[in-house]
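Structure file query-v2.cif (mmCIF, N, CA and C atoms) is printed below.
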```
data_model
loop_
_atom_site.label_atom_id
_atom_site.label_comp_id
_atom_site.auth_asym_id
_atom_site.auth_seq_id
_atom_site.Cartn_x
_atom_site.Cartn_y
_atom_site.Cartn_z
N ARG Y 218 90.72 154.78 118.29
CA ARG Y 218 90.73 156.23 118.40
C ARG Y 218 90.11 156.65 119.72
N ARG Y 219 90.75 157.52 120.43
CA ARG Y 219 90.25 158.00 121.71
C ARG Y 219 89.21 159.09 121.50
N THR Y 220 88.21 159.07 122.36
CA THR Y 220 87.19 160.11 122.31
C THR Y 220 87.20 160.88 123.62
N ARG Y 221 86.65 162.05 123.59
CA ARG Y 221 86.57 162.87 124.81
C ARG Y 221 85.23 162.62 125.48
N THR Y 222 85.09 161.48 126.09
CA THR Y 222 83.86 161.14 126.79
C THR Y 222 84.17 160.89 128.24
N SER Y 223 83.11 160.89 129.01
CA SER Y 223 83.25 160.68 130.45
C SER Y 223 82.38 159.50 130.86
N ALA Y 224 82.83 158.76 131.83
CA ALA Y 224 82.03 157.67 132.35
C ALA Y 224 80.88 158.21 133.21
N ALA Y 225 80.97 159.47 133.58
CA ALA Y 225 79.94 160.08 134.42
C ALA Y 225 78.65 160.29 133.64
N ASP Y 226 77.53 160.21 134.35
CA ASP Y 226 76.24 160.54 133.74
C ASP Y 226 76.01 162.03 133.93
N VAL Y 227 76.06 162.76 132.84
CA VAL Y 227 75.87 164.21 132.88
C VAL Y 227 74.49 164.50 132.28
N ILE Y 228 73.65 165.18 133.06
CA ILE Y 228 72.31 165.52 132.60
C ILE Y 228 72.19 167.04 132.61
N SER Y 229 71.69 167.58 131.52
CA SER Y 229 71.61 169.03 131.37
C SER Y 229 70.19 169.47 131.03
N TRP Y 230 69.73 170.49 131.74
CA TRP Y 230 68.46 171.15 131.43
C TRP Y 230 68.81 172.45 130.72
N SER Y 231 68.17 172.70 129.60
CA SER Y 231 68.41 173.92 128.85
C SER Y 231 67.09 174.68 128.71
N GLY Y 232 67.19 176.00 128.72
CA GLY Y 232 65.99 176.84 128.65
C GLY Y 232 65.31 176.84 127.30
N CYS Y 233 66.02 176.39 126.25
CA CYS Y 233 65.43 176.44 124.91
C CYS Y 233 66.24 175.57 123.96
N LYS Y 234 65.73 175.45 122.73
CA LYS Y 234 66.48 174.77 121.67
C LYS Y 234 67.67 175.65 121.29
N ASP Y 235 68.65 175.06 120.62
CA ASP Y 235 69.83 175.81 120.18
C ASP Y 235 69.46 176.97 119.25
N SER Y 236 68.39 176.82 118.51
CA SER Y 236 67.98 177.85 117.55
C SER Y 236 67.11 178.94 118.19
N GLN Y 237 66.88 178.85 119.49
CA GLN Y 237 66.03 179.81 120.19
C GLN Y 237 66.82 180.62 121.21
N THR Y 238 66.15 181.59 121.80
CA THR Y 238 66.72 182.39 122.87
C THR Y 238 65.87 182.21 124.12
N SER Y 239 66.50 182.03 125.26
CA SER Y 239 65.76 181.91 126.52
C SER Y 239 65.30 183.28 126.99
N ALA Y 240 64.07 183.34 127.42
CA ALA Y 240 63.48 184.61 127.86
C ALA Y 240 63.76 184.88 129.35
N ASP Y 241 63.73 186.16 129.68
CA ASP Y 241 63.78 186.58 131.08
C ASP Y 241 62.37 186.98 131.50
N THR Y 242 62.13 186.97 132.79
CA THR Y 242 60.83 187.37 133.32
C THR Y 242 61.03 188.01 134.68
N GLN Y 243 59.95 188.48 135.26
CA GLN Y 243 60.00 189.03 136.61
C GLN Y 243 59.00 188.29 137.48
N VAL Y 244 59.44 187.93 138.66
CA VAL Y 244 58.59 187.29 139.65
C VAL Y 244 58.76 188.05 140.95
N ALA Y 245 57.66 188.56 141.47
CA ALA Y 245 57.68 189.36 142.71
C ALA Y 245 58.70 190.49 142.62
N GLY Y 246 58.78 191.13 141.46
CA GLY Y 246 59.67 192.26 141.28
C GLY Y 246 61.14 191.91 141.07
N GLN Y 247 61.45 190.62 141.02
CA GLN Y 247 62.84 190.17 140.84
C GLN Y 247 63.01 189.56 139.45
N GLY Y 248 64.09 189.90 138.78
CA GLY Y 248 64.39 189.32 137.49
C GLY Y 248 64.85 187.88 137.61
N THR Y 249 64.40 187.03 136.71
CA THR Y 249 64.81 185.63 136.67
C THR Y 249 64.60 185.10 135.27
N GLY Y 250 65.16 183.97 134.98
CA GLY Y 250 64.93 183.33 133.69
C GLY Y 250 63.57 182.67 133.67
N ALA Y 251 62.91 182.69 132.54
CA ALA Y 251 61.59 182.06 132.42
C ALA Y 251 61.68 180.56 132.70
N MET Y 252 62.72 179.92 132.19
CA MET Y 252 62.91 178.49 132.44
C MET Y 252 63.16 178.23 133.93
N SER Y 253 63.97 179.05 134.57
CA SER Y 253 64.25 178.89 136.01
C SER Y 253 62.96 179.00 136.81
N TRP Y 254 62.13 179.98 136.44
CA TRP Y 254 60.85 180.16 137.12
C TRP Y 254 59.97 178.91 136.93
N ALA Y 255 59.83 178.45 135.69
CA ALA Y 255 58.98 177.29 135.41
C ALA Y 255 59.50 176.03 136.08
N PHE Y 256 60.81 175.86 136.12
CA PHE Y 256 61.45 174.70 136.76
C PHE Y 256 61.13 174.68 138.25
N THR Y 257 61.33 175.82 138.91
CA THR Y 257 61.08 175.89 140.37
C THR Y 257 59.60 175.73 140.68
N GLU Y 258 58.76 176.40 139.90
CA GLU Y 258 57.31 176.28 140.11
C GLU Y 258 56.85 174.84 139.94
N SER Y 259 57.35 174.18 138.93
CA SER Y 259 56.96 172.79 138.67
C SER Y 259 57.34 171.88 139.83
N LEU Y 260 58.54 172.07 140.37
CA LEU Y 260 58.98 171.24 141.50
C LEU Y 260 58.25 171.61 142.79
N ASN Y 261 57.94 172.88 142.97
CA ASN Y 261 57.19 173.28 144.17
C ASN Y 261 55.79 172.68 144.17
N GLU Y 262 55.20 172.55 143.00
CA GLU Y 262 53.86 171.98 142.88
C GLU Y 262 53.85 170.47 143.06
N ASN Y 263 54.91 169.81 142.59
CA ASN Y 263 54.98 168.35 142.69
C ASN Y 263 56.44 167.92 142.70
N LYS Y 264 56.93 167.54 143.87
CA LYS Y 264 58.33 167.15 144.01
C LYS Y 264 58.61 165.74 143.48
N GLN Y 265 57.57 164.95 143.28
CA GLN Y 265 57.73 163.57 142.83
C GLN Y 265 57.37 163.43 141.35
N GLN Y 266 58.26 163.88 140.48
CA GLN Y 266 58.04 163.79 139.04
C GLN Y 266 59.20 163.07 138.38
N THR Y 267 58.90 162.36 137.32
CA THR Y 267 59.98 161.77 136.53
C THR Y 267 60.62 162.88 135.70
N TYR Y 268 61.74 162.58 135.10
CA TYR Y 268 62.38 163.55 134.21
C TYR Y 268 61.41 163.96 133.11
N GLN Y 269 60.73 162.99 132.53
CA GLN Y 269 59.81 163.26 131.43
C GLN Y 269 58.63 164.11 131.90
N GLN Y 270 58.04 163.76 133.05
CA GLN Y 270 56.92 164.55 133.58
C GLN Y 270 57.35 165.98 133.86
N LEU Y 271 58.52 166.14 134.44
CA LEU Y 271 59.02 167.48 134.77
C LEU Y 271 59.23 168.31 133.51
N LEU Y 272 59.81 167.71 132.48
CA LEU Y 272 60.01 168.43 131.23
C LEU Y 272 58.67 168.87 130.62
N ILE Y 273 57.69 167.98 130.64
CA ILE Y 273 56.37 168.30 130.11
C ILE Y 273 55.72 169.42 130.93
N THR Y 274 55.84 169.35 132.25
CA THR Y 274 55.27 170.38 133.12
C THR Y 274 55.91 171.74 132.87
N ILE Y 275 57.23 171.75 132.77
CA ILE Y 275 57.96 173.00 132.50
C ILE Y 275 57.52 173.59 131.17
N ARG Y 276 57.48 172.76 130.14
CA ARG Y 276 57.08 173.24 128.82
C ARG Y 276 55.67 173.79 128.82
N SER Y 277 54.76 173.14 129.54
CA SER Y 277 53.36 173.61 129.56
C SER Y 277 53.24 174.96 130.27
N LYS Y 278 54.05 175.18 131.31
CA LYS Y 278 54.03 176.46 132.02
C LYS Y 278 54.51 177.60 131.11
N LEU Y 279 55.48 177.32 130.28
CA LEU Y 279 56.06 178.35 129.42
C LEU Y 279 55.27 178.59 128.14
N LYS Y 280 54.56 177.56 127.68
CA LYS Y 280 53.92 177.60 126.37
C LYS Y 280 52.97 178.78 126.18
N ALA Y 281 52.22 179.14 127.20
CA ALA Y 281 51.23 180.21 127.06
C ALA Y 281 51.86 181.58 126.80
N LYS Y 282 53.06 181.79 127.31
CA LYS Y 282 53.65 183.12 127.25
C LYS Y 282 54.96 183.21 126.45
N TYR Y 283 55.64 182.10 126.26
CA TYR Y 283 56.96 182.11 125.63
C TYR Y 283 57.04 181.10 124.50
N SER Y 284 57.86 181.41 123.50
CA SER Y 284 58.02 180.47 122.38
C SER Y 284 59.14 179.46 122.62
N GLN Y 285 59.95 179.69 123.64
CA GLN Y 285 61.08 178.79 123.90
C GLN Y 285 60.59 177.40 124.31
N LYS Y 286 61.35 176.39 123.93
CA LYS Y 286 61.00 175.01 124.25
C LYS Y 286 62.17 174.37 125.00
N PRO Y 287 62.07 174.27 126.34
CA PRO Y 287 63.15 173.69 127.13
C PRO Y 287 63.53 172.29 126.67
N GLN Y 288 64.82 171.97 126.86
CA GLN Y 288 65.38 170.70 126.41
C GLN Y 288 66.04 169.96 127.58
N LEU Y 289 66.02 168.65 127.48
CA LEU Y 289 66.71 167.78 128.44
C LEU Y 289 67.69 166.96 127.63
N SER Y 290 68.96 166.97 128.02
CA SER Y 290 69.95 166.17 127.30
C SER Y 290 70.86 165.47 128.30
N SER Y 291 71.56 164.47 127.82
CA SER Y 291 72.45 163.71 128.70
C SER Y 291 73.63 163.17 127.92
N SER Y 292 74.69 162.85 128.65
CA SER Y 292 75.90 162.34 128.02
C SER Y 292 75.76 160.88 127.60
N HIS Y 293 74.84 160.18 128.20
CA HIS Y 293 74.56 158.78 127.91
C HIS Y 293 73.04 158.61 127.87
N PRO Y 294 72.54 157.59 127.21
CA PRO Y 294 71.10 157.35 127.25
C PRO Y 294 70.62 157.19 128.70
N ILE Y 295 69.49 157.81 129.01
CA ILE Y 295 68.92 157.68 130.35
C ILE Y 295 67.46 157.27 130.24
N ASP Y 296 66.97 156.70 131.30
CA ASP Y 296 65.55 156.35 131.40
C ASP Y 296 64.83 157.58 131.93
N THR Y 297 64.08 158.27 131.10
CA THR Y 297 63.42 159.50 131.53
C THR Y 297 62.18 159.21 132.37
N ASN Y 298 61.89 157.94 132.61
CA ASN Y 298 60.77 157.58 133.47
C ASN Y 298 61.16 157.38 134.93
N ILE Y 299 62.44 157.62 135.24
CA ILE Y 299 62.85 157.55 136.65
C ILE Y 299 62.62 158.91 137.31
N LEU Y 300 62.48 158.89 138.62
CA LEU Y 300 62.22 160.13 139.35
C LEU Y 300 63.38 161.10 139.27
N PHE Y 301 63.05 162.35 139.09
CA PHE Y 301 64.04 163.41 139.16
C PHE Y 301 64.30 163.70 140.64
N ILE Y 302 65.55 163.67 141.04
CA ILE Y 302 65.91 163.90 142.44
C ILE Y 302 66.97 164.98 142.50
N ILE Y 303 66.73 165.98 143.36
CA ILE Y 303 67.74 167.01 143.56
C ILE Y 303 68.65 166.58 144.68
#
```
Would you mind writing the file's structure down as structure tokens?
Amino acid sequence: RRTRTSAADVISWSGCKDSQTSADTQVAGQGTGAMSWAFTESLNENKQQTYQQLLITIRSKLKAKYSQKPQLSSSHPIDTNILFII
């Protein structure tokens, strides 16, 4: 039976769990997503993070003010201990 899969490694960052809603926020008077803000801030503070470290950093930035819990998913199993590279 054929499946609709790809040989490509697809990695997705999500602002929250499926059962949650991602929040919006304002930074310097500009509207942005809370997850987008936390993601950028985390990378600006430390560009050398693993996927797992980055996810933990993002979640900790949001935890004080938002109930959303960002998620990391992929099309295939990945080693979350490798460096995240843009």
Inset, instruction - Excluding range 230-242 of chain Y and any residue of its chain fewer than 6 positions from it, enumerate the residues within 9 Å of it, using only C-alpha atoms, and give them as a ChimeraX atom specification. - result: /Y:248-254,272,283-291
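Distances here use only N, CA and C atoms; by that measure, the residue among Y:Ala245, Y:Ile302, Y:Ile228, Y:Ala281 closest to Thr267 in chain Y is Y:Ile302.
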Inset, instruction - Go ahead and compute the interatomic distance for atom C of Ile303 in chain Y and CA of Gln269 in chain Y, in Å to one decimal. - result: 16.3 Å
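Computed from the coordinates, the atom N of Ile275 in chain Y to CA of Ser259 in chain Y distance equals 6.0 Å.
For the pair atom C of Thr222 in chain Y and CA of Ser292 in chain Y, the interatomic distance is 8.4 Å.
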Legend entry - Nearby residues (only C-alpha atoms) at most 12 Å from Leu300 in chain Y, same-chain spacing under 2 positions excluded, as an MDAnalysis selection string: chainID Y and resid 260 263:272 295:298 302:303
Inset, instruction - Just list the residues in chain Y DSSP gives alpha helix (DSSP H) on the backbone, as number ranges by chain. - result: Y: 251-262, 268-280
Would you list, as a tab-separated table (two decimals) with N, CA and C atoms, keeping the file's coordinate frame, the residues of chain Y that end up in strand (DSSP E) under DSSP run on this structure's backbone?
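Written output follows (part-v2.tsv):
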```tsv
chain	number	residue	atom	x	y	z
Y	228	ILE	N	73.65	165.18	133.06
Y	228	ILE	CA	72.31	165.52	132.60
Y	228	ILE	C	72.19	167.04	132.61
Y	229	SER	N	71.69	167.58	131.52
Y	229	SER	CA	71.61	169.03	131.37
Y	229	SER	C	70.19	169.47	131.03
Y	230	TRP	N	69.73	170.49	131.74
Y	230	TRP	CA	68.46	171.15	131.43
Y	230	TRP	C	68.81	172.45	130.72
Y	231	SER	N	68.17	172.70	129.60
Y	231	SER	CA	68.41	173.92	128.85
Y	231	SER	C	67.09	174.68	128.71
Y	241	ASP	N	63.73	186.16	129.68
Y	241	ASP	CA	63.78	186.58	131.08
Y	241	ASP	C	62.37	186.98	131.50
Y	242	THR	N	62.13	186.97	132.79
Y	242	THR	CA	60.83	187.37	133.32
Y	242	THR	C	61.03	188.01	134.68
Y	243	GLN	N	59.95	188.48	135.26
Y	243	GLN	CA	60.00	189.03	136.61
Y	243	GLN	C	59.00	188.29	137.48
Y	244	VAL	N	59.44	187.93	138.66
Y	244	VAL	CA	58.59	187.29	139.65
Y	244	VAL	C	58.76	188.05	140.95
Y	247	GLN	N	61.45	190.62	141.02
Y	247	GLN	CA	62.84	190.17	140.84
Y	247	GLN	C	63.01	189.56	139.45
Y	248	GLY	N	64.09	189.90	138.78
Y	248	GLY	CA	64.39	189.32	137.49
Y	248	GLY	C	64.85	187.88	137.61
Y	249	THR	N	64.40	187.03	136.71
Y	249	THR	CA	64.81	185.63	136.67
Y	249	THR	C	64.60	185.10	135.27
Y	250	GLY	N	65.16	183.97	134.98
Y	250	GLY	CA	64.93	183.33	133.69
Y	250	GLY	C	63.57	182.67	133.67
Y	288	GLN	N	64.82	171.97	126.86
Y	288	GLN	CA	65.38	170.70	126.41
Y	288	GLN	C	66.04	169.96	127.58
Y	289	LEU	N	66.02	168.65	127.48
Y	289	LEU	CA	66.71	167.78	128.44
Y	289	LEU	C	67.69	166.96	127.63
Y	290	SER	N	68.96	166.97	128.02
Y	290	SER	CA	69.95	166.17	127.30
Y	290	SER	C	70.86	165.47	128.30
Y	291	SER	N	71.56	164.47	127.82
Y	291	SER	CA	72.45	163.71	128.70
Y	291	SER	C	73.63	163.17	127.92
```
Legend entry - Of the listed residues Y:Ile273, Y:Lys278, Y:His293, Y:Gly246, that which approaches Ala225 in chain Y most closely, counting all atoms listed in the file: Y:His293
